[in-house]
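Q: Got a structure for you, data26.pdb, holding PDB, C-alpha atoms.
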ATOM      1  CA  MET A   1      -7.091  47.657 -54.306  1.00  0.00           C
ATOM      2  CA  ASP A   2      -7.360  49.086 -57.810  1.00  0.00           C
ATOM      3  CA  ALA A   3      -6.996  52.837 -58.010  1.00  0.00           C
ATOM      4  CA  THR A   4      -9.752  53.020 -60.613  1.00  0.00           C
ATOM      5  CA  ALA A   5     -12.962  51.174 -61.213  1.00  0.00           C
ATOM      6  CA  ARG A   6     -14.057  50.111 -64.678  1.00  0.00           C
ATOM      7  CA  GLU A   7     -17.337  51.627 -65.703  1.00  0.00           C
ATOM      8  CA  SER A   8     -19.786  51.159 -68.520  1.00  0.00           C
ATOM      9  CA  ASP A   9     -20.892  54.054 -70.722  1.00  0.00           C
ATOM     10  CA  PRO A  10     -22.345  56.734 -68.433  1.00  0.00           C
ATOM     11  CA  THR A  11     -24.603  58.102 -71.228  1.00  0.00           C
ATOM     12  CA  PRO A  12     -27.692  59.814 -69.835  1.00  0.00           C
ATOM     13  CA  MET A  13     -30.699  57.488 -69.490  1.00  0.00           C
ATOM     14  CA  LYS A  14     -28.385  54.471 -69.285  1.00  0.00           C
ATOM     15  CA  ASN A  15     -27.466  52.775 -66.065  1.00  0.00           C
ATOM     16  CA  ARG A  16     -23.797  52.590 -65.109  1.00  0.00           C
ATOM     17  CA  THR A  17     -21.976  49.479 -63.985  1.00  0.00           C
ATOM     18  CA  THR A  18     -18.895  49.807 -61.816  1.00  0.00           C
ATOM     19  CA  VAL A  19     -16.401  46.986 -61.352  1.00  0.00           C
ATOM     20  CA  GLU A  20     -13.810  47.343 -58.628  1.00  0.00           C
ATOM     21  CA  ARG A  21     -11.246  45.055 -57.098  1.00  0.00           C
ATOM     22  CA  LYS A  22     -11.672  45.550 -53.346  1.00  0.00           C
ATOM     23  CA  SER A  23      -8.857  43.243 -52.216  1.00  0.00           C
ATOM     24  CA  GLU A  24      -6.549  40.556 -53.549  1.00  0.00           C
ATOM     25  CA  ARG A  25      -9.488  38.135 -53.634  1.00  0.00           C
ATOM     26  CA  GLU A  26     -12.650  40.251 -53.984  1.00  0.00           C
ATOM     27  CA  LEU A  27     -14.304  41.847 -57.002  1.00  0.00           C
ATOM     28  CA  VAL A  28     -17.394  44.039 -56.513  1.00  0.00           C
ATOM     29  CA  VAL A  29     -19.804  44.980 -59.290  1.00  0.00           C
ATOM     30  CA  THR A  30     -22.553  47.559 -58.715  1.00  0.00           C
ATOM     31  CA  ARG A  31     -25.379  48.698 -60.948  1.00  0.00           C
ATOM     32  CA  THR A  32     -28.775  50.278 -60.467  1.00  0.00           C
ATOM     33  CA  VAL A  33     -31.374  48.726 -62.765  1.00  0.00           C
ATOM     34  CA  ASN A  34     -34.817  50.013 -63.684  1.00  0.00           C
ATOM     35  CA  GLY A  35     -37.106  47.573 -61.970  1.00  0.00           C
ATOM     36  CA  PRO A  36     -38.419  46.540 -58.587  1.00  0.00           C
ATOM     37  CA  ALA A  37     -36.359  44.126 -56.486  1.00  0.00           C
ATOM     38  CA  ARG A  38     -39.025  41.418 -56.872  1.00  0.00           C
ATOM     39  CA  LEU A  39     -38.673  41.440 -60.653  1.00  0.00           C
ATOM     40  CA  VAL A  40     -34.859  41.686 -60.586  1.00  0.00           C
ATOM     41  CA  PHE A  41     -34.669  38.785 -58.127  1.00  0.00           C
ATOM     42  CA  ASP A  42     -36.882  36.757 -60.477  1.00  0.00           C
ATOM     43  CA  ALA A  43     -34.497  37.546 -63.340  1.00  0.00           C
ATOM     44  CA  PHE A  44     -31.670  36.035 -61.254  1.00  0.00           C
ATOM     45  CA  THR A  45     -33.597  32.958 -60.127  1.00  0.00           C
ATOM     46  CA  ARG A  46     -36.008  31.851 -62.872  1.00  0.00           C
ATOM     47  CA  PRO A  47     -34.316  29.782 -65.612  1.00  0.00           C
ATOM     48  CA  GLU A  48     -36.610  31.081 -68.368  1.00  0.00           C
ATOM     49  CA  LEU A  49     -35.548  34.655 -67.497  1.00  0.00           C
ATOM     50  CA  LEU A  50     -31.850  33.860 -66.930  1.00  0.00           C
ATOM     51  CA  LYS A  51     -31.682  32.472 -70.469  1.00  0.00           C
ATOM     52  CA  ARG A  52     -32.755  35.871 -71.795  1.00  0.00           C
ATOM     53  CA  TRP A  53     -29.923  37.936 -70.257  1.00  0.00           C
ATOM     54  CA  TRP A  54     -27.139  35.998 -68.537  1.00  0.00           C
ATOM     55  CA  ALA A  55     -24.818  35.264 -71.508  1.00  0.00           C
ATOM     56  CA  PRO A  56     -23.251  38.290 -73.266  1.00  0.00           C
ATOM     57  CA  LYS A  57     -24.653  38.309 -76.823  1.00  0.00           C
ATOM     58  CA  SER A  58     -21.474  39.768 -78.339  1.00  0.00           C
ATOM     59  CA  THR A  59     -19.635  36.508 -77.632  1.00  0.00           C
ATOM     60  CA  GLY A  60     -22.030  34.461 -79.753  1.00  0.00           C
ATOM     61  CA  VAL A  61     -22.404  32.131 -76.788  1.00  0.00           C
ATOM     62  CA  PHE A  62     -25.821  31.444 -75.377  1.00  0.00           C
ATOM     63  CA  LEU A  63     -27.205  29.693 -72.343  1.00  0.00           C
ATOM     64  CA  ARG A  64     -28.056  26.270 -73.808  1.00  0.00           C
ATOM     65  CA  SER A  65     -29.321  24.790 -70.557  1.00  0.00           C
ATOM     66  CA  CYS A  66     -30.256  26.384 -67.264  1.00  0.00           C
ATOM     67  CA  GLU A  67     -31.271  24.526 -64.123  1.00  0.00           C
ATOM     68  CA  ALA A  68     -31.747  26.363 -60.835  1.00  0.00           C
ATOM     69  CA  ASP A  69     -33.193  24.912 -57.629  1.00  0.00           C
ATOM     70  CA  VAL A  70     -33.146  28.228 -55.784  1.00  0.00           C
ATOM     71  CA  ARG A  71     -33.314  27.290 -52.101  1.00  0.00           C
ATOM     72  CA  VAL A  72     -30.695  26.912 -49.394  1.00  0.00           C
ATOM     73  CA  GLY A  73     -28.787  23.747 -50.330  1.00  0.00           C
ATOM     74  CA  GLY A  74     -30.306  23.721 -53.823  1.00  0.00           C
ATOM     75  CA  THR A  75     -28.054  23.524 -56.873  1.00  0.00           C
ATOM     76  CA  TYR A  76     -27.691  25.239 -60.216  1.00  0.00           C
ATOM     77  CA  ARG A  77     -26.096  24.225 -63.512  1.00  0.00           C
ATOM     78  CA  PHE A  78     -25.703  26.544 -66.496  1.00  0.00           C
ATOM     79  CA  VAL A  79     -24.387  25.189 -69.791  1.00  0.00           C
ATOM     80  CA  PHE A  80     -23.100  27.780 -72.274  1.00  0.00           C
ATOM     81  CA  GLY A  81     -21.842  27.367 -75.798  1.00  0.00           C
ATOM     82  CA  HIS A  82     -21.977  28.263 -79.457  1.00  0.00           C
ATOM     83  CA  ASP A  83     -23.160  24.715 -80.131  1.00  0.00           C
ATOM     84  CA  ALA A  84     -23.265  21.371 -78.326  1.00  0.00           C
ATOM     85  CA  SER A  85     -19.703  20.377 -79.310  1.00  0.00           C
ATOM     86  CA  LYS A  86     -17.811  22.513 -76.747  1.00  0.00           C
ATOM     87  CA  PRO A  87     -20.076  23.344 -73.846  1.00  0.00           C
ATOM     88  CA  MET A  88     -18.887  25.373 -70.857  1.00  0.00           C
ATOM     89  CA  GLU A  89     -20.533  24.432 -67.575  1.00  0.00           C
ATOM     90  CA  PHE A  90     -20.963  26.529 -64.464  1.00  0.00           C
ATOM     91  CA  PHE A  91     -22.447  24.921 -61.381  1.00  0.00           C
ATOM     92  CA  GLY A  92     -22.688  25.173 -57.635  1.00  0.00           C
ATOM     93  CA  ARG A  93     -25.110  25.400 -54.756  1.00  0.00           C
ATOM     94  CA  TYR A  94     -27.115  28.103 -53.048  1.00  0.00           C
ATOM     95  CA  ILE A  95     -25.913  29.001 -49.549  1.00  0.00           C
ATOM     96  CA  GLU A  96     -28.400  31.815 -48.797  1.00  0.00           C
ATOM     97  CA  VAL A  97     -31.703  32.680 -50.431  1.00  0.00           C
ATOM     98  CA  THR A  98     -33.637  35.660 -49.086  1.00  0.00           C
ATOM     99  CA  PRO A  99     -36.333  36.481 -51.666  1.00  0.00           C
ATOM    100  CA  HIS A 100     -36.038  39.882 -53.262  1.00  0.00           C
ATOM    101  CA  SER A 101     -33.005  40.931 -51.188  1.00  0.00           C
ATOM    102  CA  ARG A 102     -30.062  38.471 -51.143  1.00  0.00           C
ATOM    103  CA  LEU A 103     -28.609  35.450 -52.954  1.00  0.00           C
ATOM    104  CA  VAL A 104     -25.352  33.658 -52.136  1.00  0.00           C
ATOM    105  CA  TRP A 105     -24.004  30.796 -54.227  1.00  0.00           C
ATOM    106  CA  THR A 106     -20.833  28.792 -54.740  1.00  0.00           C
ATOM    107  CA  ASN A 107     -19.012  28.506 -58.059  1.00  0.00           C
ATOM    108  CA  ASP A 108     -17.797  24.913 -57.992  1.00  0.00           C
ATOM    109  CA  GLU A 109     -16.690  24.374 -61.605  1.00  0.00           C
ATOM    110  CA  GLY A 110     -13.107  25.549 -61.062  1.00  0.00           C
ATOM    111  CA  GLY A 111     -12.041  22.663 -58.865  1.00  0.00           C
ATOM    112  CA  ASP A 112      -9.997  25.022 -56.649  1.00  0.00           C
ATOM    113  CA  GLY A 113     -12.752  25.731 -54.159  1.00  0.00           C
ATOM    114  CA  GLY A 114     -14.243  28.308 -56.499  1.00  0.00           C
ATOM    115  CA  ALA A 115     -15.523  31.776 -55.792  1.00  0.00           C
ATOM    116  CA  VAL A 116     -18.505  32.555 -53.599  1.00  0.00           C
ATOM    117  CA  THR A 117     -20.897  35.078 -55.151  1.00  0.00           C
ATOM    118  CA  THR A 118     -23.162  37.291 -53.044  1.00  0.00           C
ATOM    119  CA  VAL A 119     -25.808  39.434 -54.733  1.00  0.00           C
ATOM    120  CA  THR A 120     -27.867  41.987 -52.838  1.00  0.00           C
ATOM    121  CA  PHE A 121     -30.975  43.682 -54.223  1.00  0.00           C
ATOM    122  CA  GLU A 122     -31.878  47.035 -52.640  1.00  0.00           C
ATOM    123  CA  GLU A 123     -35.006  48.696 -53.988  1.00  0.00           C
ATOM    124  CA  LYS A 124     -35.274  52.484 -54.038  1.00  0.00           C
ATOM    125  CA  GLY A 125     -38.107  54.242 -55.825  1.00  0.00           C
ATOM    126  CA  GLY A 126     -38.914  51.398 -58.207  1.00  0.00           C
ATOM    127  CA  LYS A 127     -35.246  50.851 -59.114  1.00  0.00           C
ATOM    128  CA  THR A 128     -32.925  48.232 -57.655  1.00  0.00           C
ATOM    129  CA  LEU A 129     -29.313  48.652 -56.619  1.00  0.00           C
ATOM    130  CA  LEU A 130     -27.488  45.409 -57.379  1.00  0.00           C
ATOM    131  CA  VAL A 131     -24.228  44.703 -55.589  1.00  0.00           C
ATOM    132  CA  VAL A 132     -22.431  41.555 -56.721  1.00  0.00           C
ATOM    133  CA  ARG A 133     -19.467  40.450 -54.599  1.00  0.00           C
ATOM    134  CA  GLU A 134     -17.243  37.654 -55.809  1.00  0.00           C
ATOM    135  CA  LEU A 135     -14.836  36.300 -53.203  1.00  0.00           C
ATOM    136  CA  HIS A 136     -12.234  34.124 -54.907  1.00  0.00           C
ATOM    137  CA  PRO A 137     -10.141  31.477 -53.124  1.00  0.00           C
ATOM    138  CA  SER A 138      -6.875  33.212 -54.065  1.00  0.00           C
ATOM    139  CA  LYS A 139      -5.366  36.271 -55.722  1.00  0.00           C
ATOM    140  CA  GLU A 140      -4.410  34.071 -58.676  1.00  0.00           C
ATOM    141  CA  ALA A 141      -7.996  32.852 -59.118  1.00  0.00           C
ATOM    142  CA  LEU A 142      -9.297  36.424 -59.231  1.00  0.00           C
ATOM    143  CA  ASP A 143      -6.497  37.454 -61.608  1.00  0.00           C
ATOM    144  CA  ALA A 144      -7.446  34.567 -63.929  1.00  0.00           C
ATOM    145  CA  ALA A 145     -11.133  35.534 -63.844  1.00  0.00           C
ATOM    146  CA  ARG A 146     -10.294  39.133 -64.726  1.00  0.00           C
ATOM    147  CA  ALA A 147      -7.950  38.024 -67.526  1.00  0.00           C
ATOM    148  CA  SER A 148     -10.767  35.939 -69.042  1.00  0.00           C
ATOM    149  CA  GLY A 149     -12.862  39.044 -69.705  1.00  0.00           C
ATOM    150  CA  VAL A 150     -15.369  38.560 -66.904  1.00  0.00           C
ATOM    151  CA  GLU A 151     -15.692  42.322 -66.349  1.00  0.00           C
ATOM    152  CA  ALA A 152     -16.717  43.210 -69.910  1.00  0.00           C
ATOM    153  CA  GLY A 153     -19.049  40.202 -69.981  1.00  0.00           C
ATOM    154  CA  THR A 154     -20.703  41.244 -66.729  1.00  0.00           C
ATOM    155  CA  ILE A 155     -21.231  44.803 -67.945  1.00  0.00           C
ATOM    156  CA  GLU A 156     -22.831  43.531 -71.164  1.00  0.00           C
ATOM    157  CA  ALA A 157     -24.993  41.007 -69.303  1.00  0.00           C
ATOM    158  CA  PHE A 158     -26.274  43.761 -66.993  1.00  0.00           C
ATOM    159  CA  GLU A 159     -27.175  45.862 -70.052  1.00  0.00           C
ATOM    160  CA  GLN A 160     -29.136  42.842 -71.307  1.00  0.00           C
ATOM    161  CA  LEU A 161     -30.787  42.589 -67.878  1.00  0.00           C
ATOM    162  CA  ASP A 162     -31.936  46.209 -68.286  1.00  0.00           C
ATOM    163  CA  GLU A 163     -33.428  45.316 -71.681  1.00  0.00           C
ATOM    164  CA  LEU A 164     -35.214  42.319 -70.158  1.00  0.00           C
ATOM    165  CA  LEU A 165     -36.644  44.434 -67.346  1.00  0.00           C
ATOM    166  CA  VAL A 166     -37.999  46.920 -69.901  1.00  0.00           C
ATOM    167  CA  ALA A 167     -39.624  44.054 -71.828  1.00  0.00           C
ATOM    168  CA  LEU A 168     -41.077  42.539 -68.657  1.00  0.00           C
ATOM    169  CA  GLY A 169     -42.339  45.952 -67.535  1.00  0.00           C
ATOM    170  CA  ALA A 170     -43.960  46.500 -70.923  1.00  0.00           C
ATOM    171  CA  ASN A 171     -45.626  43.091 -70.742  1.00  0.00           C
ATOM    172  CA  VAL A 172     -46.825  43.731 -67.199  1.00  0.00           C
ATOM    173  CA  GLY A 173     -48.272  47.043 -68.347  1.00  0.00           C
ATOM    174  CA  ARG A 174     -50.168  45.393 -71.203  1.00  0.00           C
ATOM    175  CA  LEU A 175     -51.528  42.659 -68.965  1.00  0.00           C
ATOM    176  CA  ALA A 176     -52.694  45.000 -66.219  1.00  0.00           C
ATOM    177  CA  PRO A 177     -56.478  45.546 -66.072  1.00  0.00           C
TER     178      PRO A 177
END
Once you've parsed the file, please lay out its structure as structure tokens.
A:
Amino acid sequence: MDATARESDPTPMKNRTTVERKSERELVVTRTVNGPARLVFDAFTRPELLKRWWAPKSTGVFLRSCEADVRVGGTYRFVFGHDASKPMEFFGRYIEVTPHSRLVWTNDEGGDGGAVTTVTFEEKGGKTLLVVRELHPSKEALDAARASGVEAGTIEAFEQLDELLVALGANVGRLAP
């Protein structure tokens, strides 16, 4: 287990993301976001919302295509890239889907059995605690994921999720009677 967790900027008014290696094979990311679990769950499961936050903007890569059949046994396929010439694909299937509280999916693109990702959504006072657990098939697979910059990308994506939730909240407020 790592002695320290990586954290995003703990500036007041900003949410903090922690990333911690819990074992040789498990990485756990936690963040409280400003939005109800229903809305946060939607941001994880609706392709039109995923496209707005999932890919870290600083990389210049964007989510070119997003398909998600969010049901037990359903599949997903995300295609990232700067342009169509060198796409990166991520795909798998949903193992558990409990609306507004839990999602579990496989990451099948690696060919080595891939990681299994579990996300829990726990609402408290209009905010949602997200806990993302990635269980990799081996120590080497987790080491490779960490070396690829997954931690910084996840922190940035969660900051973009916060921005999306603000925008969705603002739109909801304008549409309310």
Q: Using the chain letters and numbers from this file, what does the PyMOL selection byres ((chain A and resi 124-140) around 8) select? Give the answer as a VMD selection string.
A: chain A and resid 24 to 37 40 112 to 123 141 to 144
Q: Put those residues in a file: C-alpha atoms, as a PDB file, in the frame of the given file.
A:
ATOM      1  CA  GLU A  24      -6.549  40.556 -53.549  1.00  0.00           C
ATOM      2  CA  ARG A  25      -9.488  38.135 -53.634  1.00  0.00           C
ATOM      3  CA  GLU A  26     -12.650  40.251 -53.984  1.00  0.00           C
ATOM      4  CA  LEU A  27     -14.304  41.847 -57.002  1.00  0.00           C
ATOM      5  CA  VAL A  28     -17.394  44.039 -56.513  1.00  0.00           C
ATOM      6  CA  VAL A  29     -19.804  44.980 -59.290  1.00  0.00           C
ATOM      7  CA  THR A  30     -22.553  47.559 -58.715  1.00  0.00           C
ATOM      8  CA  ARG A  31     -25.379  48.698 -60.948  1.00  0.00           C
ATOM      9  CA  THR A  32     -28.775  50.278 -60.467  1.00  0.00           C
ATOM     10  CA  VAL A  33     -31.374  48.726 -62.765  1.00  0.00           C
ATOM     11  CA  ASN A  34     -34.817  50.013 -63.684  1.00  0.00           C
ATOM     12  CA  GLY A  35     -37.106  47.573 -61.970  1.00  0.00           C
ATOM     13  CA  PRO A  36     -38.419  46.540 -58.587  1.00  0.00           C
ATOM     14  CA  ALA A  37     -36.359  44.126 -56.486  1.00  0.00           C
ATOM     15  CA  VAL A  40     -34.859  41.686 -60.586  1.00  0.00           C
ATOM     16  CA  ASP A 112      -9.997  25.022 -56.649  1.00  0.00           C
ATOM     17  CA  GLY A 113     -12.752  25.731 -54.159  1.00  0.00           C
ATOM     18  CA  GLY A 114     -14.243  28.308 -56.499  1.00  0.00           C
ATOM     19  CA  ALA A 115     -15.523  31.776 -55.792  1.00  0.00           C
ATOM     20  CA  VAL A 116     -18.505  32.555 -53.599  1.00  0.00           C
ATOM     21  CA  THR A 117     -20.897  35.078 -55.151  1.00  0.00           C
ATOM     22  CA  THR A 118     -23.162  37.291 -53.044  1.00  0.00           C
ATOM     23  CA  VAL A 119     -25.808  39.434 -54.733  1.00  0.00           C
ATOM     24  CA  THR A 120     -27.867  41.987 -52.838  1.00  0.00           C
ATOM     25  CA  PHE A 121     -30.975  43.682 -54.223  1.00  0.00           C
ATOM     26  CA  GLU A 122     -31.878  47.035 -52.640  1.00  0.00           C
ATOM     27  CA  GLU A 123     -35.006  48.696 -53.988  1.00  0.00           C
ATOM     28  CA  ALA A 141      -7.996  32.852 -59.118  1.00  0.00           C
ATOM     29  CA  LEU A 142      -9.297  36.424 -59.231  1.00  0.00           C
ATOM     30  CA  ASP A 143      -6.497  37.454 -61.608  1.00  0.00           C
ATOM     31  CA  ALA A 144      -7.446  34.567 -63.929  1.00  0.00           C
TER      32      ALA A 144
END
Q: Neighbours of A:Tyr94 within 12 Å (only C-alpha atoms; same-chain residues fewer than 3 positions away dropped), as a PyMOL selection string?
A: chain A and resi 45+68-77+91+97-98+102-108+116-119
Q: Distance atom CA of A:Lys22-atom CA of A:Ser58, one decimal place?
A: 27.5 Å
Q: Measure the distance from atom CA of A:Gly60 to atom CA of A:Gly81 in Å and round it to one decimal.
A: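 Taking atom CA of A:Gly60 and atom CA of A:Gly81, their separation equals 8.1 Å.
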Q: Go through the shown structure with the PyMOL selection byres ((chain A and resi 159-171) around 10) and write out the matching residues as number ranges by chain.
A: A: 8, 14-17, 31-36, 39-40, 43-44, 49-50, 52-57, 153-158, 172-176
Q: How far is it from atom CA of A:Glu109 to atom CA of A:Thr59, in Å with one decimal?
A: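 These atoms are spaced 20.3 Å apart.
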Q: Would you compute the box with edges along x, y and z of the file around stretch 31-42 of chain A, including every atom the file lists for it and 5 Å extra on each side, and give its centre and edge lengths in Å to one decimal, as lines of an AutoDock Vina configuration file?
A:
center_x = -32.2
center_y = 43.5
center_z = -60.1
size_x = 23.6
size_y = 23.5
size_z = 17.2
Q: Which polymer residues have any atom within 9 Å of an atom of A:Pro47, counting all atoms listed in the file, with same-chain residues fewer than 6 positions away left out, as a ChimeraX atom specification?
A: /A:65-68
Q: Could you check the closest approach to A:Ser85 for each of A:Arg64, A:His100, A:Arg38, A:Lys51 and tell me which residue wins, using only C-alpha atoms?
A: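 Under the stated criterion, the closest residue is A:Arg64.
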Q: Since the input lacks some atoms of stretch 71-97 of chain A, please model N, CA and C atoms and print them as a PDB file, in the frame of the given file.
A:
ATOM      1  N   ARG A  71     -32.994  27.441 -53.527  1.00  0.00           N
ATOM      2  CA  ARG A  71     -33.314  27.290 -52.101  1.00  0.00           C
ATOM      3  C   ARG A  71     -32.004  26.971 -51.414  1.00  0.00           C
ATOM      4  N   VAL A  72     -31.919  27.218 -50.129  1.00  0.00           N
ATOM      5  CA  VAL A  72     -30.695  26.912 -49.394  1.00  0.00           C
ATOM      6  C   VAL A  72     -30.396  25.422 -49.578  1.00  0.00           C
ATOM      7  N   GLY A  73     -29.190  25.125 -50.055  1.00  0.00           N
ATOM      8  CA  GLY A  73     -28.787  23.747 -50.330  1.00  0.00           C
ATOM      9  C   GLY A  73     -29.134  23.288 -51.736  1.00  0.00           C
ATOM     10  N   GLY A  74     -29.954  24.055 -52.440  1.00  0.00           N
ATOM     11  CA  GLY A  74     -30.306  23.721 -53.823  1.00  0.00           C
ATOM     12  C   GLY A  74     -29.119  23.960 -54.733  1.00  0.00           C
ATOM     13  N   THR A  75     -29.163  23.410 -55.932  1.00  0.00           N
ATOM     14  CA  THR A  75     -28.054  23.524 -56.873  1.00  0.00           C
ATOM     15  C   THR A  75     -28.481  24.254 -58.143  1.00  0.00           C
ATOM     16  N   TYR A  76     -27.457  24.675 -58.888  1.00  0.00           N
ATOM     17  CA  TYR A  76     -27.691  25.239 -60.216  1.00  0.00           C
ATOM     18  C   TYR A  76     -26.668  24.654 -61.166  1.00  0.00           C
ATOM     19  N   ARG A  77     -27.017  24.638 -62.445  1.00  0.00           N
ATOM     20  CA  ARG A  77     -26.096  24.225 -63.512  1.00  0.00           C
ATOM     21  C   ARG A  77     -26.478  25.007 -64.759  1.00  0.00           C
ATOM     22  N   PHE A  78     -25.513  25.781 -65.269  1.00  0.00           N
ATOM     23  CA  PHE A  78     -25.703  26.544 -66.496  1.00  0.00           C
ATOM     24  C   PHE A  78     -24.730  25.982 -67.523  1.00  0.00           C
ATOM     25  N   VAL A  79     -25.230  25.686 -68.714  1.00  0.00           N
ATOM     26  CA  VAL A  79     -24.387  25.189 -69.791  1.00  0.00           C
ATOM     27  C   VAL A  79     -24.425  26.226 -70.915  1.00  0.00           C
ATOM     28  N   PHE A  80     -23.245  26.768 -71.237  1.00  0.00           N
ATOM     29  CA  PHE A  80     -23.100  27.780 -72.274  1.00  0.00           C
ATOM     30  C   PHE A  80     -22.411  27.161 -73.482  1.00  0.00           C
ATOM     31  N   GLY A  81     -22.600  27.779 -74.633  1.00  0.00           N
ATOM     32  CA  GLY A  81     -21.842  27.367 -75.798  1.00  0.00           C
ATOM     33  C   GLY A  81     -22.396  27.933 -77.081  1.00  0.00           C
ATOM     34  N   HIS A  82     -21.541  27.884 -78.112  1.00  0.00           N
ATOM     35  CA  HIS A  82     -21.977  28.263 -79.457  1.00  0.00           C
ATOM     36  C   HIS A  82     -22.849  27.136 -80.003  1.00  0.00           C
ATOM     37  N   ASP A  83     -22.429  25.913 -79.723  1.00  0.00           N
ATOM     38  CA  ASP A  83     -23.160  24.715 -80.131  1.00  0.00           C
ATOM     39  C   ASP A  83     -22.879  23.633 -79.088  1.00  0.00           C
ATOM     40  N   ALA A  84     -23.392  22.443 -79.320  1.00  0.00           N
ATOM     41  CA  ALA A  84     -23.265  21.371 -78.326  1.00  0.00           C
ATOM     42  C   ALA A  84     -21.871  20.741 -78.280  1.00  0.00           C
ATOM     43  N   SER A  85     -20.992  21.069 -79.239  1.00  0.00           N
ATOM     44  CA  SER A  85     -19.703  20.377 -79.310  1.00  0.00           C
ATOM     45  C   SER A  85     -18.713  20.800 -78.227  1.00  0.00           C
ATOM     46  N   LYS A  86     -18.760  22.048 -77.767  1.00  0.00           N
ATOM     47  CA  LYS A  86     -17.811  22.513 -76.747  1.00  0.00           C
ATOM     48  C   LYS A  86     -18.535  23.299 -75.666  1.00  0.00           C
ATOM     49  N   PRO A  87     -19.336  22.616 -74.883  1.00  0.00           N
ATOM     50  CA  PRO A  87     -20.076  23.344 -73.846  1.00  0.00           C
ATOM     51  C   PRO A  87     -19.165  23.784 -72.700  1.00  0.00           C
ATOM     52  N   MET A  88     -19.546  24.895 -72.070  1.00  0.00           N
ATOM     53  CA  MET A  88     -18.887  25.373 -70.857  1.00  0.00           C
ATOM     54  C   MET A  88     -19.934  25.272 -69.755  1.00  0.00           C
ATOM     55  N   GLU A  89     -19.575  24.622 -68.658  1.00  0.00           N
ATOM     56  CA  GLU A  89     -20.533  24.432 -67.575  1.00  0.00           C
ATOM     57  C   GLU A  89     -20.124  25.231 -66.346  1.00  0.00           C
ATOM     58  N   PHE A  90     -21.127  25.826 -65.728  1.00  0.00           N
ATOM     59  CA  PHE A  90     -20.963  26.529 -64.464  1.00  0.00           C
ATOM     60  C   PHE A  90     -21.976  25.921 -63.508  1.00  0.00           C
ATOM     61  N   PHE A  91     -21.539  25.579 -62.313  1.00  0.00           N
ATOM     62  CA  PHE A  91     -22.447  24.921 -61.381  1.00  0.00           C
ATOM     63  C   PHE A  91     -22.017  25.192 -59.946  1.00  0.00           C
ATOM     64  N   GLY A  92     -22.954  24.983 -59.050  1.00  0.00           N
ATOM     65  CA  GLY A  92     -22.688  25.173 -57.635  1.00  0.00           C
ATOM     66  C   GLY A  92     -23.954  24.992 -56.840  1.00  0.00           C
ATOM     67  N   ARG A  93     -23.935  25.541 -55.627  1.00  0.00           N
ATOM     68  CA  ARG A  93     -25.110  25.400 -54.756  1.00  0.00           C
ATOM     69  C   ARG A  93     -25.420  26.742 -54.098  1.00  0.00           C
ATOM     70  N   TYR A  94     -26.659  26.878 -53.723  1.00  0.00           N
ATOM     71  CA  TYR A  94     -27.115  28.103 -53.048  1.00  0.00           C
ATOM     72  C   TYR A  94     -26.870  27.972 -51.551  1.00  0.00           C
ATOM     73  N   ILE A  95     -26.214  28.972 -50.978  1.00  0.00           N
ATOM     74  CA  ILE A  95     -25.913  29.001 -49.549  1.00  0.00           C
ATOM     75  C   ILE A  95     -26.947  29.828 -48.792  1.00  0.00           C
ATOM     76  N   GLU A  96     -27.375  30.945 -49.397  1.00  0.00           N
ATOM     77  CA  GLU A  96     -28.400  31.815 -48.797  1.00  0.00           C
ATOM     78  C   GLU A  96     -29.390  32.217 -49.877  1.00  0.00           C
ATOM     79  N   VAL A  97     -30.658  32.203 -49.532  1.00  0.00           N
ATOM     80  CA  VAL A  97     -31.703  32.680 -50.431  1.00  0.00           C
ATOM     81  C   VAL A  97     -32.700  33.469 -49.593  1.00  0.00           C
TER      82      VAL A  97
END
